[in-house]
$ cat coords28.cif   # mmCIF, C-alpha atoms
data_data
#
loop_
_atom_site.label_atom_id
_atom_site.label_comp_id
_atom_site.auth_asym_id
_atom_site.auth_seq_id
_atom_site.Cartn_x
_atom_site.Cartn_y
_atom_site.Cartn_z
CA MET A 126 151.30 -2.85 -70.28
CA SER A 127 151.33 0.61 -68.80
CA ARG A 128 153.68 3.34 -69.89
CA ALA A 129 154.34 6.01 -67.30
CA ARG A 130 155.31 9.27 -68.96
CA PRO A 131 155.02 12.13 -66.48
CA ALA A 132 155.75 15.66 -67.61
CA ARG A 133 159.33 16.77 -68.15
CA ARG A 134 160.07 18.98 -65.20
CA ARG A 135 162.61 19.09 -62.41
CA SER A 136 162.01 20.18 -58.83
CA GLU A 137 164.78 21.21 -56.46
CA ALA A 138 163.65 18.60 -53.96
CA TYR A 139 164.06 15.96 -56.63
CA ARG A 140 167.66 16.73 -57.48
CA GLY A 141 170.10 14.47 -55.71
CA CYS A 142 167.61 11.66 -55.25
CA LEU A 143 168.25 9.93 -58.55
CA LEU A 144 170.55 7.09 -59.23
CA SER A 145 172.11 6.74 -62.63
CA ASP A 146 172.51 3.19 -63.87
CA ASP A 147 175.48 1.62 -65.64
CA ASN A 148 175.45 4.06 -68.53
CA ALA A 149 173.40 7.02 -67.26
CA ALA A 150 174.50 10.57 -67.90
CA GLY A 151 176.56 12.17 -65.16
CA ARG A 152 174.20 14.97 -64.21
CA ASP A 153 174.46 17.09 -61.09
CA VAL A 154 173.33 14.81 -58.30
CA GLY A 155 173.47 16.52 -54.93
CA ARG A 156 175.07 14.50 -52.16
CA ARG A 157 173.04 13.05 -49.35
CA GLU A 158 175.03 12.20 -46.26
CA ALA A 159 173.40 9.59 -44.07
CA ALA A 160 172.74 8.70 -40.45
CA PRO A 161 172.51 5.80 -37.91
CA PHE A 162 170.34 2.72 -37.76
CA HIS A 163 169.42 3.25 -34.11
CA ARG A 164 167.67 6.34 -32.88
CA ARG A 165 169.69 9.20 -31.48
CA THR A 166 168.36 12.10 -29.43
CA THR A 167 169.85 14.78 -31.68
CA ASN A 168 171.05 15.24 -35.23
CA LEU A 169 174.44 16.42 -34.01
CA ASP A 170 175.84 12.99 -33.18
CA PRO A 171 178.19 11.36 -35.69
CA MET A 172 177.24 8.24 -37.62
CA ARG A 173 179.10 5.71 -39.71
CA ALA A 174 179.37 6.16 -43.44
CA VAL A 175 181.25 4.23 -46.14
CA GLN A 176 183.32 6.95 -47.72
CA VAL A 177 185.62 7.59 -50.64
CA THR A 178 188.32 9.99 -49.53
CA ARG A 179 190.56 9.31 -52.51
CA THR A 180 189.64 7.62 -55.79
CA ASP A 181 192.06 4.69 -55.53
CA GLY A 182 189.47 1.96 -55.81
CA PRO A 183 187.99 -0.53 -53.35
CA SER A 184 191.09 -0.75 -51.16
CA ALA A 185 190.82 2.96 -50.32
CA VAL A 186 187.18 2.80 -49.17
CA SER A 187 186.92 3.52 -45.44
CA ILE A 188 184.37 3.80 -42.64
CA GLU A 189 184.22 7.37 -41.37
CA GLU A 190 182.15 9.35 -38.90
CA VAL A 191 179.99 12.03 -40.51
CA PRO A 192 177.12 14.21 -39.22
CA GLU A 193 173.62 12.79 -39.29
CA PRO A 194 171.19 14.27 -41.80
CA THR A 195 168.25 16.33 -40.67
CA ALA A 196 164.62 16.25 -41.70
CA ASP A 197 165.12 19.68 -43.30
CA GLY A 198 167.48 18.87 -46.17
CA PRO A 199 169.31 21.13 -48.61
CA PHE A 200 166.42 20.94 -51.09
CA GLY A 201 163.60 20.98 -48.55
CA PRO A 202 161.88 18.45 -46.25
CA GLN A 203 163.17 14.92 -46.67
CA VAL A 204 162.54 11.37 -45.56
CA LEU A 205 164.95 9.99 -42.96
CA VAL A 206 165.61 6.23 -43.18
CA ASP A 207 167.45 4.08 -40.66
CA VAL A 208 169.45 1.82 -42.98
CA HIS A 209 169.58 -1.95 -42.46
CA ALA A 210 171.13 -3.19 -45.72
CA VAL A 211 172.95 -1.75 -48.73
CA GLY A 212 173.16 -3.41 -52.14
CA ILE A 213 176.55 -3.43 -53.88
CA SER A 214 176.27 -1.92 -57.34
CA PHE A 215 178.53 -1.44 -60.34
CA PRO A 216 178.27 2.36 -60.01
CA ASP A 217 179.70 2.03 -56.47
CA LEU A 218 182.77 0.34 -57.92
CA LEU A 219 183.22 2.97 -60.61
CA LEU A 220 182.68 5.80 -58.12
CA SER A 221 185.40 4.39 -55.87
CA LYS A 222 187.84 4.70 -58.78
CA GLY A 223 186.65 8.06 -60.09
CA GLU A 224 185.54 6.39 -63.34
CA TYR A 225 181.81 7.09 -63.22
CA GLN A 226 180.06 9.85 -65.14
CA LEU A 227 178.88 11.22 -61.81
CA LYS A 228 181.90 12.77 -60.04
CA PRO A 229 180.96 14.05 -56.57
CA ASP A 230 183.43 16.14 -54.61
CA LEU A 231 185.66 14.26 -52.17
CA PRO A 232 184.94 12.97 -49.62
CA PHE A 233 181.60 11.38 -50.44
CA THR A 234 179.54 8.43 -49.26
CA LEU A 235 178.92 5.36 -51.41
CA GLY A 236 175.68 3.43 -51.57
CA VAL A 237 173.19 3.37 -54.42
CA ASP A 238 170.60 0.79 -53.29
CA PHE A 239 169.55 0.38 -49.67
CA ALA A 240 166.67 -0.68 -47.45
CA GLY A 241 165.58 0.13 -43.94
CA VAL A 242 162.90 1.70 -41.78
CA VAL A 243 161.45 5.19 -42.03
CA ARG A 244 162.48 7.32 -39.06
CA SER A 245 160.46 10.33 -40.17
CA ALA A 246 158.79 11.65 -43.31
CA PRO A 247 157.37 15.01 -44.34
CA GLU A 248 153.63 15.48 -44.58
CA GLY A 249 152.25 14.32 -47.90
CA ALA A 250 155.14 11.94 -48.64
CA GLY A 251 152.91 8.88 -48.42
CA LEU A 252 155.26 7.36 -45.84
CA SER A 253 155.05 6.94 -42.07
CA GLU A 254 157.45 6.28 -39.22
CA GLY A 255 158.20 2.55 -39.04
CA ASP A 256 157.48 1.76 -42.69
CA ARG A 257 159.78 -0.79 -44.29
CA VAL A 258 161.23 0.76 -47.43
CA ALA A 259 163.82 0.47 -50.17
CA ALA A 260 165.48 3.48 -51.75
CA VAL A 261 167.86 4.52 -54.51
CA LEU A 262 170.32 7.41 -54.82
CA GLY A 263 173.23 8.43 -57.01
CA HIS A 264 175.36 7.80 -53.92
CA GLY A 265 175.09 8.34 -50.16
CA GLY A 266 173.09 5.30 -49.03
CA ALA A 267 175.87 3.39 -47.27
CA SER A 268 175.47 5.03 -43.88
CA ASP A 269 173.51 4.52 -40.70
CA VAL A 270 170.84 7.06 -41.63
CA VAL A 271 170.01 8.60 -44.98
CA GLY A 272 167.97 11.66 -45.87
CA MET A 273 166.38 12.01 -49.31
CA GLY A 274 163.33 13.19 -51.22
CA PRO A 275 160.25 10.93 -51.13
CA ASP A 276 160.41 10.18 -54.88
CA SER A 277 163.38 7.90 -54.18
CA VAL A 278 161.73 5.84 -51.40
CA PHE A 279 159.46 2.85 -52.02
CA PRO A 280 157.45 0.45 -49.82
CA VAL A 281 158.85 -3.06 -49.39
CA PRO A 282 156.29 -5.91 -49.21
CA ASP A 283 156.28 -7.82 -45.93
CA GLY A 284 157.41 -11.00 -47.67
CA LEU A 285 160.79 -9.51 -48.62
CA SER A 286 163.75 -9.13 -46.28
CA PHE A 287 165.81 -5.95 -45.97
CA GLU A 288 168.57 -7.69 -47.92
CA GLN A 289 166.15 -8.43 -50.76
CA GLY A 290 164.78 -4.92 -50.59
CA ALA A 291 168.29 -3.51 -50.98
CA ALA A 292 168.83 -5.75 -54.01
CA ILE A 293 165.86 -4.44 -55.99
CA PRO A 294 165.85 -0.71 -56.80
CA MET A 295 168.58 0.03 -59.34
CA ASN A 296 168.56 -3.34 -61.08
CA TYR A 297 164.82 -3.88 -61.31
CA LEU A 298 163.90 -0.28 -62.16
CA THR A 299 166.58 -0.39 -64.87
CA ALA A 300 165.18 -3.70 -66.17
CA HIS A 301 161.66 -2.33 -66.15
CA PHE A 302 162.68 0.84 -67.98
CA ALA A 303 164.65 -1.18 -70.53
CA LEU A 304 161.95 -3.72 -71.27
CA ALA A 305 158.73 -1.74 -70.88
CA GLU A 306 159.76 1.77 -71.89
CA ARG A 307 162.63 1.31 -74.35
CA GLY A 308 162.06 -2.25 -75.53
CA ASP A 309 158.28 -2.09 -75.83
CA LEU A 310 158.14 -5.70 -74.66
CA LYS A 311 154.98 -7.63 -75.48
CA LYS A 312 153.61 -10.81 -73.96
CA GLY A 313 154.93 -13.88 -75.74
CA GLU A 314 158.09 -12.25 -77.07
CA THR A 315 161.55 -13.69 -76.46
CA VAL A 316 164.28 -11.83 -74.57
CA LEU A 317 167.97 -12.75 -74.76
CA VAL A 318 169.82 -11.63 -71.63
CA HIS A 319 173.58 -11.14 -71.56
CA GLY A 320 175.31 -11.14 -68.16
CA ALA A 321 172.34 -13.14 -66.98
CA ALA A 322 173.84 -14.16 -63.62
CA GLY A 323 174.51 -10.57 -62.57
CA GLY A 324 172.20 -8.15 -60.80
CA VAL A 325 170.70 -6.47 -63.88
CA GLY A 326 170.66 -9.80 -65.72
CA THR A 327 168.64 -11.67 -63.10
CA ALA A 328 166.36 -8.66 -62.70
CA THR A 329 165.73 -8.64 -66.46
CA ILE A 330 164.87 -12.33 -66.43
CA GLN A 331 162.31 -11.87 -63.69
CA VAL A 332 160.73 -8.67 -65.00
CA ALA A 333 160.47 -10.20 -68.47
CA LYS A 334 158.80 -13.27 -66.97
CA GLY A 335 156.41 -10.98 -65.11
CA TYR A 336 155.34 -9.57 -68.47
CA GLY A 337 154.81 -13.01 -69.95
CA ALA A 338 157.96 -13.18 -72.07
CA ARG A 339 160.24 -16.12 -72.80
CA THR A 340 163.83 -15.64 -71.59
CA ILE A 341 167.12 -17.04 -72.85
CA ALA A 342 170.05 -16.41 -70.51
CA VAL A 343 173.63 -16.08 -71.75
CA VAL A 344 176.35 -16.90 -69.18
CA SER A 345 180.05 -17.69 -69.11
CA THR A 346 180.17 -20.66 -66.71
CA ASP A 347 178.06 -23.58 -65.54
CA GLU A 348 177.96 -22.04 -62.05
CA LYS A 349 176.45 -18.85 -63.47
CA ALA A 350 174.03 -20.96 -65.48
CA GLU A 351 172.60 -22.29 -62.22
CA VAL A 352 172.07 -18.73 -60.96
CA ALA A 353 170.22 -17.79 -64.15
CA LYS A 354 168.05 -20.91 -63.93
CA LYS A 355 167.14 -20.18 -60.32
CA ALA A 356 166.23 -16.64 -61.36
CA GLY A 357 163.65 -18.14 -63.72
CA ALA A 358 165.33 -18.28 -67.14
CA ASP A 359 163.51 -20.57 -69.57
CA GLU A 360 166.75 -21.58 -71.33
CA VAL A 361 170.40 -20.98 -70.57
CA VAL A 362 173.27 -21.02 -73.08
CA LEU A 363 176.98 -20.46 -72.72
CA ILE A 364 178.48 -17.35 -74.24
CA GLU A 365 180.74 -19.38 -76.51
CA GLY A 366 178.59 -20.07 -79.55
CA PHE A 367 175.48 -18.37 -78.15
CA ARG A 368 174.40 -17.15 -81.59
CA ASP A 369 174.06 -20.68 -82.97
CA ALA A 370 172.34 -21.84 -79.80
CA VAL A 371 169.82 -19.01 -80.04
CA ARG A 372 169.10 -19.78 -83.67
CA GLU A 373 168.37 -23.39 -82.73
CA LEU A 374 166.19 -22.45 -79.75
CA THR A 375 164.12 -20.05 -81.86
CA ASP A 376 163.85 -22.30 -84.92
CA GLY A 377 165.90 -19.81 -86.88
CA GLU A 378 163.55 -16.89 -86.16
CA GLY A 379 165.80 -15.02 -83.71
CA VAL A 380 164.81 -13.17 -80.56
CA ASP A 381 162.72 -10.03 -80.17
CA ILE A 382 164.96 -8.27 -77.64
CA VAL A 383 168.61 -8.53 -76.62
CA MET A 384 169.42 -7.01 -73.24
CA ASP A 385 173.13 -6.18 -73.25
CA VAL A 386 174.90 -4.99 -70.12
CA VAL A 387 178.23 -6.44 -71.25
CA GLY A 388 179.22 -4.63 -74.46
CA GLY A 389 182.59 -5.54 -75.95
CA ASP A 390 182.82 -7.91 -78.88
CA LEU A 391 179.39 -9.50 -78.35
CA ILE A 392 177.64 -6.80 -80.32
CA THR A 393 177.82 -8.31 -83.82
CA ASP A 394 176.49 -11.72 -82.83
CA SER A 395 173.85 -10.03 -80.69
CA LEU A 396 172.58 -8.13 -83.73
CA ARG A 397 172.62 -11.33 -85.76
CA SER A 398 170.56 -13.03 -83.04
CA LEU A 399 167.68 -10.61 -83.49
CA GLY A 400 164.62 -11.51 -85.50
CA THR A 401 162.76 -9.14 -87.78
CA GLN A 402 162.14 -5.79 -86.06
CA GLY A 403 164.14 -6.95 -83.07
CA ARG A 404 165.56 -4.49 -80.53
CA LEU A 405 169.07 -4.48 -79.08
CA LEU A 406 169.02 -2.64 -75.75
CA VAL A 407 172.39 -1.14 -74.78
CA VAL A 408 172.48 -0.89 -70.98
CA GLY A 409 176.16 -0.83 -70.08
CA PHE A 410 179.67 -2.04 -70.74
CA THR A 411 180.81 -4.30 -67.92
CA ALA A 412 183.33 -5.90 -70.29
CA GLY A 413 185.05 -2.51 -70.43
CA ALA A 414 185.08 -1.98 -74.20
CA ILE A 415 182.49 0.21 -75.91
CA PRO A 416 181.73 -1.46 -79.24
CA ALA A 417 181.20 0.21 -82.61
CA ILE A 418 178.22 -0.77 -84.73
CA LYS A 419 178.17 -0.92 -88.52
CA VAL A 420 174.78 0.54 -89.22
CA ASN A 421 174.34 -1.44 -92.44
CA ARG A 422 173.62 -4.42 -90.18
CA LEU A 423 170.47 -2.65 -89.02
CA LEU A 424 169.13 -2.72 -92.56
CA LEU A 425 169.52 -6.44 -93.08
CA ASN A 426 166.70 -7.47 -90.77
CA ASN A 427 165.02 -4.17 -89.90
CA VAL A 428 166.41 -4.11 -86.36
CA ASP A 429 166.95 -1.32 -83.85
CA VAL A 430 169.68 -0.43 -81.38
CA ARG A 431 168.29 1.51 -78.42
CA GLY A 432 170.15 3.16 -75.58
CA VAL A 433 168.92 2.55 -72.04
CA GLY A 434 169.78 5.48 -69.77
CA TRP A 435 167.35 4.97 -66.92
CA GLY A 436 168.86 7.51 -64.52
CA ALA A 437 168.99 10.28 -67.11
CA TYR A 438 165.36 9.60 -68.09
CA ALA A 439 163.99 9.40 -64.55
CA MET A 440 165.94 12.44 -63.36
CA VAL A 441 163.75 14.93 -65.23
CA ARG A 442 160.48 13.13 -64.41
CA PRO A 443 159.54 13.51 -60.74
CA GLY A 444 157.42 10.59 -59.62
CA TYR A 445 158.49 8.33 -62.47
CA MET A 446 160.39 5.86 -60.26
CA ARG A 447 157.44 5.56 -57.93
CA GLN A 448 155.21 4.72 -60.88
CA GLN A 449 157.72 2.08 -61.95
CA TRP A 450 157.74 0.63 -58.44
CA GLU A 451 153.95 0.47 -58.37
CA GLU A 452 153.99 -1.53 -61.60
CA LEU A 453 156.56 -3.94 -60.18
CA LEU A 454 154.88 -4.39 -56.77
CA PRO A 455 152.48 -7.13 -57.98
CA MET A 456 155.49 -9.06 -59.27
CA MET A 457 157.16 -8.74 -55.86
CA GLU A 458 154.02 -9.80 -54.02
CA SER A 459 153.48 -12.81 -56.30
CA GLY A 460 157.08 -13.97 -55.98
CA VAL A 461 157.98 -13.44 -59.65
CA ILE A 462 160.49 -10.86 -58.43
CA ASP A 463 162.70 -12.72 -55.98
CA PRO A 464 166.16 -11.13 -56.14
CA PRO A 465 168.93 -13.73 -55.80
CA ILE A 466 171.22 -12.65 -52.97
CA GLY A 467 174.87 -13.58 -53.32
CA SER A 468 177.40 -12.83 -50.62
CA ILE A 469 176.49 -10.83 -47.52
CA TYR A 470 179.19 -8.65 -45.91
CA PRO A 471 179.36 -6.54 -42.75
CA ILE A 472 179.73 -2.80 -43.28
CA GLU A 473 183.44 -2.99 -42.44
CA GLU A 474 183.96 -5.14 -45.57
CA PHE A 475 182.29 -2.82 -48.07
CA GLY A 476 185.60 -2.37 -49.88
CA GLN A 477 186.08 -6.13 -50.09
CA ALA A 478 182.59 -6.50 -51.55
CA LEU A 479 183.56 -4.02 -54.28
CA GLN A 480 186.82 -5.84 -54.92
CA ASP A 481 185.00 -9.16 -55.27
CA MET A 482 182.71 -7.52 -57.82
CA GLU A 483 185.68 -6.19 -59.77
CA ASP A 484 187.28 -9.65 -59.69
CA ARG A 485 184.04 -11.15 -61.03
CA LYS A 486 183.66 -13.39 -57.99
CA THR A 487 180.08 -12.37 -57.31
CA LEU A 488 176.93 -14.25 -58.22
CA GLY A 489 173.60 -12.51 -57.76
CA LYS A 490 173.43 -9.28 -55.77
CA SER A 491 175.99 -8.73 -53.02
CA VAL A 492 174.62 -7.01 -49.93
CA VAL A 493 176.22 -5.22 -46.98
CA THR A 494 174.41 -5.26 -43.63
CA LEU A 495 174.57 -2.41 -41.13
CA ARG A 496 172.80 -4.17 -38.27
#
$ encode --input "coords28.cif" --output "structure tokens"
Amino acid sequence: MSRARPARRRSEAYRGCLLSDDNAAGRDVGRREAAPFHRRTTNLDPMRAVQVTRTDGPSAVSIEEVPEPTADGPFGPQVLVDVHAVGISFPDLLLSKGEYQLKPDLPFTLGVDFAGVVRSAPEGAGLSEGDRVAAVLGHGGASDVVGMGPDSVFPVPDGLSFEQGAAIPMNYLTAHFALAERGDLKKGETVLVHGAAGGVGTATIQVAKGYGARTIAVVSTDEKAEVAKKAGADEVVLIEGFRDAVRELTDGEGVDIVMDVVGGDLITDSLRSLGTQGRLLVVGFTAGAIPAIKVNRLLLNNVDVRGVGWGAYAMVRPGYMRQQWEELLPMMESGVIDPPIGSIYPIEEFGQALQDMEDRKTLGKSVVTLR
């Protein structure tokens, strides 16, 4: 398994192109306003953008007209992408309420994950007009056209739709970073996945399977169990009594990795579910509560608790996300990575998509289409 560790440096062109995941540090991420999905003759025409003008949550999200971006961006030459689809992400929801670590000045454009077609690219970017791509930003992708640095733009295999492309970047790069970089996952190990029917959960199942691991999905309902199974989970257990179920499934040995995006009161039983030298990966806190850990529990079975801050890590490593994407491409091309798409909304219902996420009505990755 490769480990991409480029040098720690930051270029001006790189700032603003990085998404932070569910628990990433709120560093200075420059805004990227976006532009239209059909070609215009100038960069002076307005385009649609999904904007936050006040941090009152999903109901306050609105569609506004903003200027198109230009090929010469605030940090230098940038790729222009005509956007076809935008993935709904948990950071979008938090940003709409002013609850994310990243706090851009109002008004700002939402949109973390998106996919579309390259309109133009600077020389040496490795991209050409007409290329099908996916991209990831801290925000700013939910608009007709987006401008960004090339480190944030990735080729989409022909077998994937724009909707699938928009469902991949944040979730799958986070899963890859968690498992390969922080979890040191090895072939044949067992990964327990909390929130397994959500975007990061299904991504973790598939990336783990791509590395030859066994996966046990933890879900709250039978309906979510079906989503996890379709994503490729080897076994699925309900959250109520998951610790006992895991012990039975592993013949009392425990799992090697727990991937936890939920937080809350699951932490103790998650630690108890680990086998010797197991790793608990803390990715986020969708349950809302940030748990405390009694460190004496780490001594009992020689286990680790490791933070997973993908955005903060990638932000100071130009080219790191592209290296991640290259490692995941074979999984996309083979079909191991096949992001489950949930509901699809028109751009006018972006706020409703966020509200459905907050109300826990979503299964898989929700996507907004701009065409």
$ residues_around --input "coords28.cif" --residues "region 357-361 of chain A" --least-positions-apart "3" --cutoff "8 Å" --atoms "only C-alpha atoms" --output "PyMOL selection string"
chain A and resi 330-331+334+339-344+350+353-354
$ write_last_selection --input "coords28.cif" --atoms "C-alpha atoms" --output "short mmCIF file (atom, residue, chain, number, x, y, z; two decimals), in the coordinates of the input"
data_model
loop_
_atom_site.label_atom_id
_atom_site.label_comp_id
_atom_site.auth_asym_id
_atom_site.auth_seq_id
_atom_site.Cartn_x
_atom_site.Cartn_y
_atom_site.Cartn_z
CA ILE A 330 164.87 -12.33 -66.43
CA GLN A 331 162.31 -11.87 -63.69
CA LYS A 334 158.80 -13.27 -66.97
CA ARG A 339 160.24 -16.12 -72.80
CA THR A 340 163.83 -15.64 -71.59
CA ILE A 341 167.12 -17.04 -72.85
CA ALA A 342 170.05 -16.41 -70.51
CA VAL A 343 173.63 -16.08 -71.75
CA VAL A 344 176.35 -16.90 -69.18
CA ALA A 350 174.03 -20.96 -65.48
CA ALA A 353 170.22 -17.79 -64.15
CA LYS A 354 168.05 -20.91 -63.93
#
$ residues_around --input "coords28.cif" --residues "Ala210 (chain A)" --least-positions-apart "2" --cutoff "10 Å" --atoms "all atoms listed in the file" --output "VMD selection string"
chain A and resid 162 207 to 208 212 to 213 236 238 to 241 259 266 to 269 286 to 292 469 to 472 492 to 496
$ atom_distance --input "coords28.cif" --atom1 "CA of Gly274 (chain A)" --atom2 "CA of Leu205 (chain A)"
9.0 Å
$ resolve_selection --input "coords28.cif" --expression "the PyMOL selection byres ((chain A and resi 452-462) around 9)" --output "list in words"
Ser127, Pro280, Val281, Pro282, Asp283, Gly284, Leu285, Ile293, Tyr297, Leu298, His301, Ala328, Gln331, Val332, Lys334, Gly335, Ala356, Gly357, Arg447, Gln448, Gln449, Trp450, Glu451, Asp463 and Pro464 of chain A
$ closest_residue --input "coords28.cif" --among "A:Tyr336, A:Phe279, A:Phe200, A:Phe215" --to "Ala305 (chain A)" --atoms "all atoms listed in the file"
A:Tyr336
$ residues_around --input "coords28.cif" --residues "region 383-399 of chain A" --least-positions-apart "5" --cutoff "9 Å" --atoms "all atoms listed in the file" --output "PyMOL selection string"
chain A and resi 147+300+303-304+315-320+325-326+329+364+367-369+371-372+378+404-419+422-423+426+428-430
$ atom_distance --input "coords28.cif" --atom1 "CA of Val441 (chain A)" --atom2 "CA of Gly403 (chain A)"
28.2 Å
$ residues_around --input "coords28.cif" --residues "Ser245 (chain A)" --least-positions-apart "4" --cutoff "7 Å" --atoms "only C-alpha atoms" --output "PyMOL selection string"
chain A and resi 204-205+253-254
$ closest_residue --input "coords28.cif" --among "A:Ala439, A:Lys311, A:Gly263, A:Gly272" --to "Pro199 (chain A)" --atoms "only C-alpha atoms"
A:Gly272
$ residues_around --input "coords28.cif" --residues "Val242 (chain A)" --least-positions-apart "5" --cutoff "7 Å" --atoms "all atoms listed in the file" --output "PyMOL selection string"
chain A and resi 206-208+255-258
